[in-house]
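Asks: data26.cif is reproduced below (mmCIF, C-alpha atoms).
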data_data
#
loop_
_atom_site.group_PDB
_atom_site.id
_atom_site.type_symbol
_atom_site.label_atom_id
_atom_site.label_comp_id
_atom_site.auth_asym_id
_atom_site.auth_seq_id
_atom_site.Cartn_x
_atom_site.Cartn_y
_atom_site.Cartn_z
ATOM 1 C CA MET A 1 1.220 -3.013 -19.694
ATOM 2 C CA LYS A 2 -0.986 -5.455 -21.608
ATOM 3 C CA HIS A 3 -4.030 -7.093 -20.106
ATOM 4 C CA SER A 4 -5.663 -10.486 -19.780
ATOM 5 C CA ARG A 5 -8.917 -11.555 -18.182
ATOM 6 C CA ILE A 6 -7.369 -11.795 -14.713
ATOM 7 C CA SER A 7 -5.819 -9.247 -12.390
ATOM 8 C CA LEU A 8 -2.120 -8.727 -11.799
ATOM 9 C CA ILE A 9 -2.288 -10.496 -8.436
ATOM 10 C CA GLU A 10 -4.076 -13.467 -10.002
ATOM 11 C CA ARG A 11 -1.532 -13.604 -12.823
ATOM 12 C CA ALA A 12 1.282 -13.721 -10.312
ATOM 13 C CA ALA A 13 -0.461 -16.533 -8.444
ATOM 14 C CA GLU A 14 -0.533 -18.571 -11.653
ATOM 15 C CA VAL A 15 3.218 -18.193 -12.037
ATOM 16 C CA TYR A 16 4.273 -18.585 -8.406
ATOM 17 C CA ASP A 17 2.522 -20.624 -5.703
ATOM 18 C CA PHE A 18 3.458 -18.164 -3.013
ATOM 19 C CA GLY A 19 0.703 -19.486 -0.729
ATOM 20 C CA ALA A 20 2.462 -22.830 -0.473
ATOM 21 C CA ALA A 21 5.729 -21.077 0.236
ATOM 22 C CA LEU A 22 4.127 -19.196 3.088
ATOM 23 C CA ARG A 23 2.696 -22.373 4.576
ATOM 24 C CA ALA A 24 5.940 -24.312 4.405
ATOM 25 C CA ARG A 25 8.404 -21.464 5.028
ATOM 26 C CA ALA A 26 10.971 -23.734 3.314
ATOM 27 C CA PRO A 27 12.065 -24.501 -0.298
ATOM 28 C CA LEU A 28 9.364 -26.385 -2.158
ATOM 29 C CA PRO A 29 10.197 -29.241 -4.560
ATOM 30 C CA GLY A 30 9.368 -29.209 -8.237
ATOM 31 C CA PRO A 31 7.385 -26.627 -10.238
ATOM 32 C CA PHE A 32 4.669 -24.556 -8.598
ATOM 33 C CA PRO A 33 1.181 -26.145 -8.819
ATOM 34 C CA ALA A 34 -1.749 -24.148 -10.097
ATOM 35 C CA PRO A 35 -3.441 -22.174 -7.279
ATOM 36 C CA ALA A 36 -6.954 -22.824 -6.091
ATOM 37 C CA ALA A 37 -9.643 -20.470 -7.273
ATOM 38 C CA ALA A 38 -9.924 -17.389 -5.112
ATOM 39 C CA GLU A 39 -13.060 -16.897 -3.063
ATOM 40 C CA PRO A 40 -15.346 -14.104 -4.267
ATOM 41 C CA VAL A 41 -14.965 -10.816 -2.434
ATOM 42 C CA ARG A 42 -17.851 -10.113 -0.115
ATOM 43 C CA ALA A 43 -18.636 -6.898 1.715
ATOM 44 C CA VAL A 44 -18.060 -7.139 5.440
ATOM 45 C CA PRO A 45 -20.382 -5.076 7.665
ATOM 46 C CA ALA A 46 -18.880 -2.732 10.199
ATOM 47 C CA PRO A 47 -18.811 -4.076 13.778
ATOM 48 C CA ALA A 48 -20.943 -2.498 16.465
ATOM 49 C CA PRO A 49 -19.675 0.854 17.781
ATOM 50 C CA GLU A 50 -17.882 0.961 21.091
ATOM 51 C CA PRO A 51 -19.321 3.092 23.918
ATOM 52 C CA GLU A 52 -18.176 6.709 23.740
ATOM 53 C CA PRO A 53 -18.511 9.763 26.023
ATOM 54 C CA GLU A 54 -21.775 11.699 25.795
ATOM 55 C CA PRO A 55 -21.529 13.818 22.611
ATOM 56 C CA GLU A 56 -22.305 17.508 22.507
ATOM 57 C CA PRO A 57 -25.667 18.532 21.042
ATOM 58 C CA ARG A 58 -26.117 17.667 17.361
ATOM 59 C CA ALA A 59 -22.853 15.649 17.300
ATOM 60 C CA LYS A 60 -23.097 12.000 16.218
ATOM 61 C CA PRO A 61 -20.578 9.498 17.615
ATOM 62 C CA ALA A 62 -18.736 7.520 14.929
ATOM 63 C CA PRO A 63 -18.327 3.731 15.229
ATOM 64 C CA ALA A 64 -14.918 2.611 16.413
ATOM 65 C CA ARG A 65 -14.340 0.549 13.272
ATOM 66 C CA ALA A 66 -16.502 1.996 10.555
ATOM 67 C CA LEU A 67 -16.111 0.982 6.947
ATOM 68 C CA ALA A 68 -13.992 3.453 5.005
ATOM 69 C CA SER A 69 -16.971 4.742 3.025
ATOM 70 C CA GLU A 70 -18.970 5.380 6.228
ATOM 71 C CA ALA A 71 -16.352 7.194 8.301
ATOM 72 C CA GLY A 72 -16.928 10.940 8.501
ATOM 73 C CA PRO A 73 -14.187 13.550 8.091
ATOM 74 C CA ALA A 74 -11.628 13.516 10.877
ATOM 75 C CA PRO A 75 -10.299 16.779 12.306
ATOM 76 C CA ARG A 76 -6.889 17.695 10.967
ATOM 77 C CA ARG A 77 -4.088 17.863 13.494
ATOM 78 C CA PRO A 78 -1.849 20.935 13.587
ATOM 79 C CA GLY A 79 1.587 20.817 12.002
ATOM 80 C CA GLY A 80 2.817 19.428 8.733
ATOM 81 C CA ARG A 81 2.883 21.205 5.374
ATOM 82 C CA SER A 82 1.128 21.122 2.034
ATOM 83 C CA ALA A 83 2.440 20.269 -1.433
ATOM 84 C CA THR A 84 1.223 20.111 -5.020
ATOM 85 C CA ILE A 85 1.503 16.885 -7.023
ATOM 86 C CA ASP A 86 3.286 17.302 -10.380
ATOM 87 C CA ARG A 87 0.706 15.765 -12.684
ATOM 88 C CA HIS A 88 2.692 16.500 -15.846
ATOM 89 C CA ALA A 89 5.667 14.548 -14.498
ATOM 90 C CA LEU A 90 3.420 11.638 -13.562
ATOM 91 C CA ALA A 91 1.917 11.533 -17.045
ATOM 92 C CA ALA A 92 5.333 11.723 -18.714
ATOM 93 C CA ALA A 93 6.619 8.820 -16.602
ATOM 94 C CA GLY A 94 3.577 6.620 -17.277
ATOM 95 C CA TYR A 95 1.935 6.826 -13.849
ATOM 96 C CA ILE A 96 -1.736 7.158 -12.982
ATOM 97 C CA VAL A 97 -2.693 10.838 -13.167
ATOM 98 C CA PRO A 98 -5.229 12.104 -10.597
ATOM 99 C CA GLU A 99 -8.499 13.420 -12.057
ATOM 100 C CA ALA A 100 -7.532 12.138 -15.534
ATOM 101 C CA SER A 101 -9.567 9.789 -17.721
ATOM 102 C CA ALA A 102 -9.480 6.102 -16.845
ATOM 103 C CA THR A 103 -6.676 4.078 -18.385
ATOM 104 C CA GLY A 104 -5.859 0.391 -18.514
ATOM 105 C CA LEU A 105 -3.222 0.918 -15.829
ATOM 106 C CA ALA A 106 -5.712 2.689 -13.558
ATOM 107 C CA GLU A 107 -8.185 -0.174 -13.934
ATOM 108 C CA GLU A 108 -5.534 -2.778 -13.102
ATOM 109 C CA PHE A 109 -4.740 -1.007 -9.843
ATOM 110 C CA ARG A 110 -8.435 -0.680 -9.064
ATOM 111 C CA LEU A 111 -8.644 -4.479 -9.102
ATOM 112 C CA ILE A 112 -5.674 -4.746 -6.754
ATOM 113 C CA LYS A 113 -7.143 -2.034 -4.510
ATOM 114 C CA ARG A 114 -10.432 -3.897 -4.161
ATOM 115 C CA GLN A 115 -8.678 -7.019 -2.884
ATOM 116 C CA LEU A 116 -6.596 -5.060 -0.386
ATOM 117 C CA LEU A 117 -9.610 -3.189 0.991
ATOM 118 C CA ALA A 118 -11.600 -6.406 1.295
ATOM 119 C CA THR A 119 -8.797 -7.936 3.366
ATOM 120 C CA ILE A 120 -8.647 -4.874 5.622
ATOM 121 C CA GLU A 121 -12.373 -5.024 6.316
ATOM 122 C CA ARG A 122 -12.247 -8.775 6.960
ATOM 123 C CA ARG A 123 -9.369 -8.898 9.456
ATOM 124 C CA VAL A 124 -11.085 -7.051 12.297
ATOM 125 C CA SER A 125 -9.232 -9.015 14.973
ATOM 126 C CA LEU A 126 -5.938 -7.248 14.227
ATOM 127 C CA PRO A 127 -4.887 -4.037 15.994
ATOM 128 C CA GLU A 128 -5.965 -1.033 13.918
ATOM 129 C CA GLU A 129 -2.417 0.129 13.171
ATOM 130 C CA LYS A 130 -1.593 -3.309 11.788
ATOM 131 C CA ARG A 131 -4.895 -4.026 10.045
ATOM 132 C CA ARG A 132 -4.766 -0.763 8.095
ATOM 133 C CA SER A 133 -1.064 -0.893 7.135
ATOM 134 C CA ILE A 134 0.250 -2.412 3.896
ATOM 135 C CA LEU A 135 3.901 -2.990 2.947
ATOM 136 C CA VAL A 136 5.109 -3.094 -0.656
ATOM 137 C CA THR A 137 8.489 -4.617 -1.458
ATOM 138 C CA SER A 138 10.329 -6.702 -4.055
ATOM 139 C CA ALA A 139 13.164 -9.199 -4.097
ATOM 140 C CA GLN A 140 15.728 -7.084 -5.945
ATOM 141 C CA ALA A 141 16.034 -3.534 -7.241
ATOM 142 C CA ASN A 142 14.546 -2.387 -10.575
ATOM 143 C CA GLU A 143 11.503 -4.679 -10.381
ATOM 144 C CA GLY A 144 8.917 -1.888 -10.294
ATOM 145 C CA LYS A 145 8.314 -1.692 -6.547
ATOM 146 C CA THR A 146 8.091 2.095 -6.237
ATOM 147 C CA PHE A 147 6.152 2.348 -9.509
ATOM 148 C CA CYS A 148 3.513 -0.036 -8.142
ATOM 149 C CA THR A 149 3.453 1.575 -4.686
ATOM 150 C CA THR A 150 2.928 5.076 -6.072
ATOM 151 C CA ASN A 151 0.182 3.991 -8.472
ATOM 152 C CA LEU A 152 -1.556 2.017 -5.747
ATOM 153 C CA ALA A 153 -1.480 5.068 -3.455
ATOM 154 C CA LEU A 154 -2.983 7.248 -6.194
ATOM 155 C CA SER A 155 -5.678 4.631 -6.815
ATOM 156 C CA LEU A 156 -6.540 4.320 -3.110
ATOM 157 C CA ALA A 157 -6.749 8.114 -2.817
ATOM 158 C CA GLY A 158 -9.565 8.053 -5.363
ATOM 159 C CA GLU A 159 -11.691 5.930 -3.041
ATOM 160 C CA ARG A 160 -14.479 7.959 -1.442
ATOM 161 C CA GLY A 161 -14.299 8.341 2.308
ATOM 162 C CA LEU A 162 -10.737 7.001 2.430
ATOM 163 C CA GLU A 163 -7.417 8.634 3.258
ATOM 164 C CA VAL A 164 -4.134 7.047 2.205
ATOM 165 C CA LEU A 165 -0.815 7.928 3.801
ATOM 166 C CA LEU A 166 2.081 6.975 1.534
ATOM 167 C CA ILE A 167 5.252 6.471 3.581
ATOM 168 C CA ASP A 168 8.624 6.416 1.868
ATOM 169 C CA GLY A 169 10.299 3.593 3.770
ATOM 170 C CA ASP A 170 13.085 2.999 1.249
ATOM 171 C CA PHE A 171 15.585 4.768 3.472
ATOM 172 C CA ALA A 172 18.669 4.230 1.303
ATOM 173 C CA LYS A 173 16.923 5.331 -1.909
ATOM 174 C CA PRO A 174 13.937 7.555 -1.037
ATOM 175 C CA ASP A 175 12.474 8.253 -4.495
ATOM 176 C CA THR A 176 8.735 8.225 -3.813
ATOM 177 C CA LEU A 177 8.305 11.923 -3.024
ATOM 178 C CA SER A 178 10.460 13.052 -5.948
ATOM 179 C CA ILE A 179 8.256 11.028 -8.327
ATOM 180 C CA LEU A 180 5.283 13.046 -7.078
ATOM 181 C CA GLY A 181 7.238 16.305 -7.373
ATOM 182 C CA ILE A 182 7.465 16.872 -3.613
ATOM 183 C CA ASP A 183 10.546 17.941 -1.675
ATOM 184 C CA GLY A 184 11.661 15.700 1.182
ATOM 185 C CA GLY A 185 12.318 16.645 4.772
ATOM 186 C CA PRO A 186 12.004 15.172 8.248
ATOM 187 C CA GLY A 187 9.883 12.057 8.322
ATOM 188 C CA LEU A 188 9.599 8.497 9.567
ATOM 189 C CA VAL A 189 13.168 8.075 10.847
ATOM 190 C CA ASP A 190 12.959 11.367 12.761
ATOM 191 C CA ALA A 191 9.690 10.278 14.377
ATOM 192 C CA LEU A 192 11.148 6.891 15.335
ATOM 193 C CA ALA A 193 14.314 8.397 16.805
ATOM 194 C CA ASP A 194 12.591 10.993 19.004
ATOM 195 C CA PRO A 195 9.739 9.730 21.244
ATOM 196 C CA SER A 196 8.726 13.317 22.025
ATOM 197 C CA VAL A 197 7.884 14.005 18.372
ATOM 198 C CA ASP A 198 4.361 13.766 17.002
ATOM 199 C CA PRO A 199 4.745 11.925 13.657
ATOM 200 C CA GLU A 200 1.699 13.761 12.319
ATOM 201 C CA ASP A 201 3.798 16.950 12.294
ATOM 202 C CA PHE A 202 5.882 15.473 9.455
ATOM 203 C CA VAL A 203 2.920 14.407 7.303
ATOM 204 C CA ILE A 204 2.642 16.385 4.042
ATOM 205 C CA ARG A 205 -0.866 17.017 2.721
ATOM 206 C CA THR A 206 -1.149 17.068 -1.059
ATOM 207 C CA ASP A 207 -3.595 18.753 -3.404
ATOM 208 C CA VAL A 208 -4.890 15.300 -4.371
ATOM 209 C CA GLN A 209 -7.914 14.691 -2.180
ATOM 210 C CA GLY A 210 -7.335 11.706 0.073
ATOM 211 C CA LEU A 211 -3.541 11.547 -0.359
ATOM 212 C CA SER A 212 -0.857 12.479 2.161
ATOM 213 C CA VAL A 213 2.805 11.498 2.227
ATOM 214 C CA LEU A 214 5.456 10.994 4.898
ATOM 215 C CA PRO A 215 9.127 11.317 3.873
ATOM 216 C CA ALA A 216 11.731 8.745 4.853
ATOM 217 C CA GLY A 217 13.484 11.370 6.958
ATOM 218 C CA ARG A 218 17.105 11.732 7.959
ATOM 219 C CA LYS A 219 19.872 9.245 7.253
ATOM 220 C CA ASP A 220 20.606 6.966 10.186
ATOM 221 C CA HIS A 221 22.740 3.819 10.328
ATOM 222 C CA GLY A 222 20.523 2.419 13.088
ATOM 223 C CA VAL A 223 17.294 2.328 11.042
ATOM 224 C CA PRO A 224 16.793 -1.484 11.326
ATOM 225 C CA GLU A 225 17.035 -1.276 15.120
ATOM 226 C CA LEU A 226 14.632 1.673 15.206
ATOM 227 C CA LEU A 227 12.138 -0.253 13.075
ATOM 228 C CA ALA A 228 12.384 -3.292 15.356
ATOM 229 C CA SER A 229 11.551 -1.232 18.454
ATOM 230 C CA ASP A 230 8.143 -0.706 20.024
ATOM 231 C CA ARG A 231 8.358 2.894 18.859
ATOM 232 C CA THR A 232 7.457 1.793 15.308
ATOM 233 C CA ARG A 233 4.180 0.284 16.487
ATOM 234 C CA GLU A 234 3.504 3.444 18.490
ATOM 235 C CA VAL A 235 4.177 5.706 15.495
ATOM 236 C CA LEU A 236 1.896 3.672 13.222
ATOM 237 C CA ALA A 237 -0.814 3.673 15.896
ATOM 238 C CA ARG A 238 -0.635 7.465 16.268
ATOM 239 C CA LEU A 239 -0.792 7.973 12.516
ATOM 240 C CA ILE A 240 -3.893 5.777 12.290
ATOM 241 C CA ALA A 241 -5.494 7.440 15.325
ATOM 242 C CA ALA A 242 -5.007 10.874 13.719
ATOM 243 C CA ASP A 243 -7.488 9.938 10.981
ATOM 244 C CA LYS A 244 -9.791 6.936 11.353
ATOM 245 C CA ARG A 245 -10.293 6.828 7.571
ATOM 246 C CA ARG A 246 -6.577 6.382 6.967
ATOM 247 C CA ILE A 247 -4.746 3.483 5.344
ATOM 248 C CA ILE A 248 -0.947 3.397 5.519
ATOM 249 C CA LEU A 249 1.007 2.282 2.458
ATOM 250 C CA LEU A 250 4.718 1.641 3.075
ATOM 251 C CA ASP A 251 7.293 1.525 0.280
ATOM 252 C CA SER A 252 10.260 -0.463 1.588
ATOM 253 C CA PRO A 253 13.692 -1.418 0.200
ATOM 254 C CA PRO A 254 14.016 -4.704 -1.743
ATOM 255 C CA ALA A 255 13.920 -7.572 0.752
ATOM 256 C CA LEU A 256 17.108 -9.245 -0.513
ATOM 257 C CA MET A 257 19.129 -6.020 -0.516
ATOM 258 C CA ALA A 258 18.293 -4.475 2.882
ATOM 259 C CA SER A 259 16.724 -5.599 6.142
ATOM 260 C CA PRO A 260 13.942 -2.992 6.711
ATOM 261 C CA ALA A 261 11.378 -4.961 4.675
ATOM 262 C CA THR A 262 11.896 -8.011 6.891
ATOM 263 C CA VAL A 263 11.421 -5.933 10.051
ATOM 264 C CA LEU A 264 8.466 -3.909 8.751
ATOM 265 C CA ALA A 265 6.622 -7.084 7.728
ATOM 266 C CA GLY A 266 5.952 -7.729 11.403
ATOM 267 C CA HIS A 267 4.169 -4.374 11.771
ATOM 268 C CA VAL A 268 1.668 -4.666 8.898
ATOM 269 C CA GLY A 269 -1.406 -6.714 8.065
ATOM 270 C CA GLN A 270 -0.579 -7.242 4.391
ATOM 271 C CA VAL A 271 2.557 -7.450 2.248
ATOM 272 C CA LEU A 272 2.665 -7.048 -1.538
ATOM 273 C CA VAL A 273 5.728 -8.412 -3.333
ATOM 274 C CA VAL A 274 6.300 -6.939 -6.786
ATOM 275 C CA VAL A 275 7.498 -9.653 -9.174
ATOM 276 C CA ARG A 276 9.103 -8.563 -12.438
ATOM 277 C CA ALA A 277 8.084 -11.113 -15.068
ATOM 278 C CA ASP A 278 11.334 -10.905 -17.025
ATOM 279 C CA ARG A 279 13.666 -10.421 -14.058
ATOM 280 C CA THR A 280 12.596 -12.004 -10.740
ATOM 281 C CA THR A 281 13.883 -15.551 -10.329
ATOM 282 C CA GLU A 282 11.999 -18.299 -8.555
ATOM 283 C CA ALA A 283 14.868 -18.700 -6.084
ATOM 284 C CA ASP A 284 14.796 -14.997 -5.211
ATOM 285 C CA LEU A 285 11.040 -15.077 -4.713
ATOM 286 C CA ARG A 286 11.202 -18.123 -2.417
ATOM 287 C CA GLU A 287 13.895 -16.455 -0.310
ATOM 288 C CA THR A 288 11.978 -13.166 -0.199
ATOM 289 C CA ILE A 289 8.783 -14.809 1.033
ATOM 290 C CA GLY A 290 10.781 -16.615 3.696
ATOM 291 C CA LEU A 291 12.166 -13.289 4.935
ATOM 292 C CA LEU A 292 8.662 -11.831 5.178
ATOM 293 C CA ALA A 293 7.484 -14.455 7.686
ATOM 294 C CA GLY A 294 6.532 -11.709 10.138
ATOM 295 C CA CYS A 295 3.350 -11.147 8.120
ATOM 296 C CA ASP A 296 0.885 -13.974 7.513
ATOM 297 C CA ASN A 297 -0.750 -12.344 4.482
ATOM 298 C CA VAL A 298 1.551 -12.030 1.452
ATOM 299 C CA ALA A 299 0.387 -11.451 -2.127
ATOM 300 C CA LEU A 300 2.217 -10.852 -5.407
ATOM 301 C CA ILE A 301 1.902 -8.222 -8.113
ATOM 302 C CA LEU A 302 3.153 -9.431 -11.488
ATOM 303 C CA ASN A 303 4.822 -6.504 -13.231
ATOM 304 C CA GLY A 304 6.055 -6.272 -16.829
ATOM 305 C CA ALA A 305 4.158 -9.347 -18.036
ATOM 306 C CA ALA A 306 3.958 -9.774 -21.813
ATOM 307 C CA ILE A 307 0.444 -11.236 -21.906
ATOM 308 C CA ALA A 308 -1.533 -10.890 -25.112
ATOM 309 C CA VAL A 309 -4.791 -8.996 -25.017
ATOM 310 C CA SER A 310 -7.549 -11.601 -25.200
ATOM 311 C CA GLY A 311 -10.714 -9.810 -24.268
ATOM 312 C CA ARG A 312 -10.346 -7.215 -21.533
ATOM 313 C CA ASN A 313 -9.489 -3.745 -22.737
ATOM 314 C CA PHE A 314 -9.451 -1.494 -19.698
ATOM 315 C CA GLY A 315 -9.551 2.180 -20.524
ATOM 316 C CA GLY A 316 -11.138 1.623 -23.936
ATOM 317 C CA TYR A 317 -14.728 2.308 -22.861
ATOM 318 C CA ASP A 318 -15.897 5.496 -21.189
ATOM 319 C CA GLY A 319 -19.657 5.227 -21.690
ATOM 320 C CA TYR A 320 -19.878 8.030 -24.226
ATOM 321 C CA GLY A 321 -19.993 8.142 -27.998
ATOM 322 C CA HIS A 322 -17.396 10.116 -29.955
ATOM 323 C CA GLU A 323 -18.005 12.278 -32.966
ATOM 324 C CA ALA A 324 -15.941 11.557 -36.054
#
When written as structure tokens, how does the structure in this file appear?

Replies:
Amino acid sequence: MKHSRISLIERAAEVYDFGAALRARAPLPGPFPAPAAAEPVRAVPAPAPEPEPEPEPRAKPAPARALASEAGPAPRRPGGRSATIDRHALAAAGYIVPEASATGLAEEFRLIKRQLLATIERRVSLPEEKRRSILVTSAQANEGKTFCTTNLALSLAGERGLEVLLIDGDFAKPDTLSILGIDGGPGLVDALADPSVDPEDFVIRTDVQGLSVLPAGRKDHGVPELLASDRTREVLARLIAADKRRIILLDSPPALMASPATVLAGHVGQVLVVVRADRTTEADLRETIGLLAGCDNVALILNGAAIAVSGRNFGGYDGYGHEA
């Protein structure tokens, strides 16, 4: 992946005026106009804490909506299992490797991460389970959706005071866990189908600090109906309540190939659409954005762009000199 002076999201905005498509929710005439300059990201202070029961001696109540970096460790719920991330497999496949030296790819996803976190902190009026949930999809298959989702999860896990729960929501092709070297098992579909189940029992803790995963779960022909039910909102709410530092990242099927992305868009506060520079057509992107109308905040990640290096060289400076 080569780099320019702007981030992947900004590059995508230069190619596709997805903001206009969201406003109109209908085909737009002519070529896309150049987007307006984005507002600078500003830190948003945490709102005042809500009243809580009298704490025990020496215990300090945490604010109801603390910034991620301020939230203290949350107690772990019983259940679930642990797994080890296969770092060698990640490196061989070109993914971000936890605890490894910074690379250009890692820096690109840090830029994307900053914008997502800023949006989460800004949209305090949304319910917590929606505000802290992000959906990643694409128009068609083979556009880099799972590659971007996995790297974004690894980048978010490196954020101090933050927990990311990566959910494999590509029910027909659940590849996310295998990329990390983790075996599947019961997961999201099982939690949706059985109201008596605690979804936290299916969460898999990894040896990467700040990263947990939730498998897609069992095969079920009624997945779209399950996702459209109130149970989905309840499951997301319980997963967020289990750890107040948590952000949920959902990998969904391509929007033009299966319906779950369309349904899940109504349950999240942000949607990222992965656009393959040499593959995604303008018509497919317009149709995809129209299908994601359930979410009012849609951004694009431009993947596979052949942009010449013109100044920024992420990963080429580590602050130390090297001996010859």

Asks: Go through the shown structure with the PyMOL selection byres ((chain A and resi 182) around 12) and write out the matching residues as a list in words.

Replies: Arg81, Ser82, Ala83, Thr84, Ile85, Asp86, Arg87, Ala89, Leu90, Asp168, Pro174, Asp175, Thr176, Leu177, Ser178, Ile179, Leu180, Gly181, Asp183, Gly184, Gly185, Ile204, Arg205, Thr206, Asp207, Ser212, Val213, Leu214 and Pro215 of chain A

Asks: In Å, with one decimal, what is the gap from atom CA of Ile167 of chain A to atom CA of Val124 of chain A?

Replies: 22.9 Å

Asks: Could you work out an axis-aligned box for segment 290-301 of chain A, taking every atom the file lists and adding 8 Å on each side, and report centre and edge lengths in Å to one decimal, as AutoDock Vina command-line options?

Replies:
--center_x 5.7 --center_y -12.4 --center_z 1.0 --size_x 28.9 --size_y 24.4 --size_z 34.3

Asks: At most 12 Å is the cut-off: for each residue in segment 166-224 of chain A with any atom that close to an atom of segment 259-275 of chain A, write down the nearest atom pair and the distance in Å rounded to one decimal, counting all atoms listed in the file, chain first then increasing number, as CSV.

Replies:
residue,atom,partner,partner_atom,distance
A:Asp168,CA,A:Pro260,CA,11.8
A:Gly169,CA,A:Pro260,CA,8.1
A:Asp170,CA,A:Pro260,CA,8.2
A:Phe171,CA,A:Pro260,CA,8.6
A:Ala172,CA,A:Pro260,CA,10.2
A:Val189,CA,A:Pro260,CA,11.8
A:His221,CA,A:Pro260,CA,11.7
A:Gly222,CA,A:Pro260,CA,10.6
A:Val223,CA,A:Pro260,CA,7.6
A:Pro224,CA,A:Pro260,CA,5.6

Asks: Could you check the closest approach to Lys145 of chain A for each of A:Asn297, A:Thr280, A:Ser252, A:Thr288 and tell me which residue wins, using all atoms listed in the file?

Replies: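 Ranking A:Asn297, A:Thr280, A:Ser252, A:Thr288 by distance to Lys145 of chain A, first place goes to A:Ser252.
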
Asks: Counting all atoms listed in the file, which residue out of A:Asp251, A:Asp194, A:Glu225, A:Asp243 sits closest to Cys148 of chain A?

Replies: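 Nearest to Cys148 of chain A: A:Asp251.
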
Asks: Select, from A:Asn151, A:Thr137, A:Ser196, A:Asn142, the residue with the minimum atom-to-atom distance to Leu285 of chain A, counting all atoms listed in the file.

Replies: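 Distance minimum relative to Leu285 of chain A lands on A:Thr137.
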
Asks: Mind giving me the straight-line distance from atom CA of Thr149 of chain A to atom CA of Arg276 of chain A in Å, one decimal?

Replies: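 Taking atom CA of Thr149 of chain A and atom CA of Arg276 of chain A, their separation equals 14.0 Å.
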
Asks: Dump as a Markdown table the rows for residues of segment 224-266 of chain A within 8 Å of segment 200-203 of chain A: closest atom pair and distance in Å with one decimal, all atoms listed in the file counted, ordered by chain and rising residue number.

Replies:
| residue | atom | partner | partner_atom | distance |
| --- | --- | --- | --- | --- |
| A:Arg238 | CA | A:Glu200 | CA | 7.8 |
| A:Leu239 | CA | A:Glu200 | CA | 6.3 |
| A:Ala242 | CA | A:Glu200 | CA | 7.4 |

Asks: List the residues selected by the PyMOL selection byres ((chain A and resi 164) around 6) in the file shown, writing them as a list in words.

Replies: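 The output of the PyMOL selection byres ((chain A and resi 164) around 6) on this file is Ala157, Glu163, Leu165, Leu211, Arg246, Ile247 and Ile248 of chain A.
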
Asks: Would you mind telling me which residue in A:Ser138, A:Gln115, A:Thr146, A:Ser101 lies nearest to Leu256 of chain A when using only C-alpha atoms?

Replies: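 Result for the nearest residue to Leu256 of chain A: A:Ser138.
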
Asks: Tell me which of A:Leu300, A:Leu292, A:Ala93, A:Leu152 sits closest to Glu108 of chain A, counting only C-alpha atoms.

Replies: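 Going through A:Leu300, A:Leu292, A:Ala93, A:Leu152 one by one, the smallest distance to Glu108 of chain A is for A:Leu152.
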
Asks: Spell out the residues picked by the PyMOL selection byres ((chain A and resi 195) around 12) here, as a list of chain:residue names.

Replies: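 Answer for the PyMOL selection byres ((chain A and resi 195) around 12): A:Leu188, A:Val189, A:Asp190, A:Ala191, A:Leu192, A:Ala193, A:Asp194, A:Ser196, A:Val197, A:Asp198, A:Pro199, A:Leu226, A:Ser229, A:Asp230, A:Arg231, A:Thr232, A:Arg233, A:Glu234, A:Val235, A:Arg238.
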
Asks: May I ask which of the residues A:Leu105, A:Ile120, A:Val97, A:Met257 is the closest one to Asn303 of chain A, counting only C-alpha atoms?

Replies: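 Smallest separation from Asn303 of chain A among the options: A:Leu105.
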
Asks: Between atom CA of Leu116 of chain A and atom CA of Ala277 of chain A, what is the distance, to one decimal in Å?

Replies: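 Atom-to-atom, atom CA of Leu116 of chain A and atom CA of Ala277 of chain A are spaced 21.6 Å apart.
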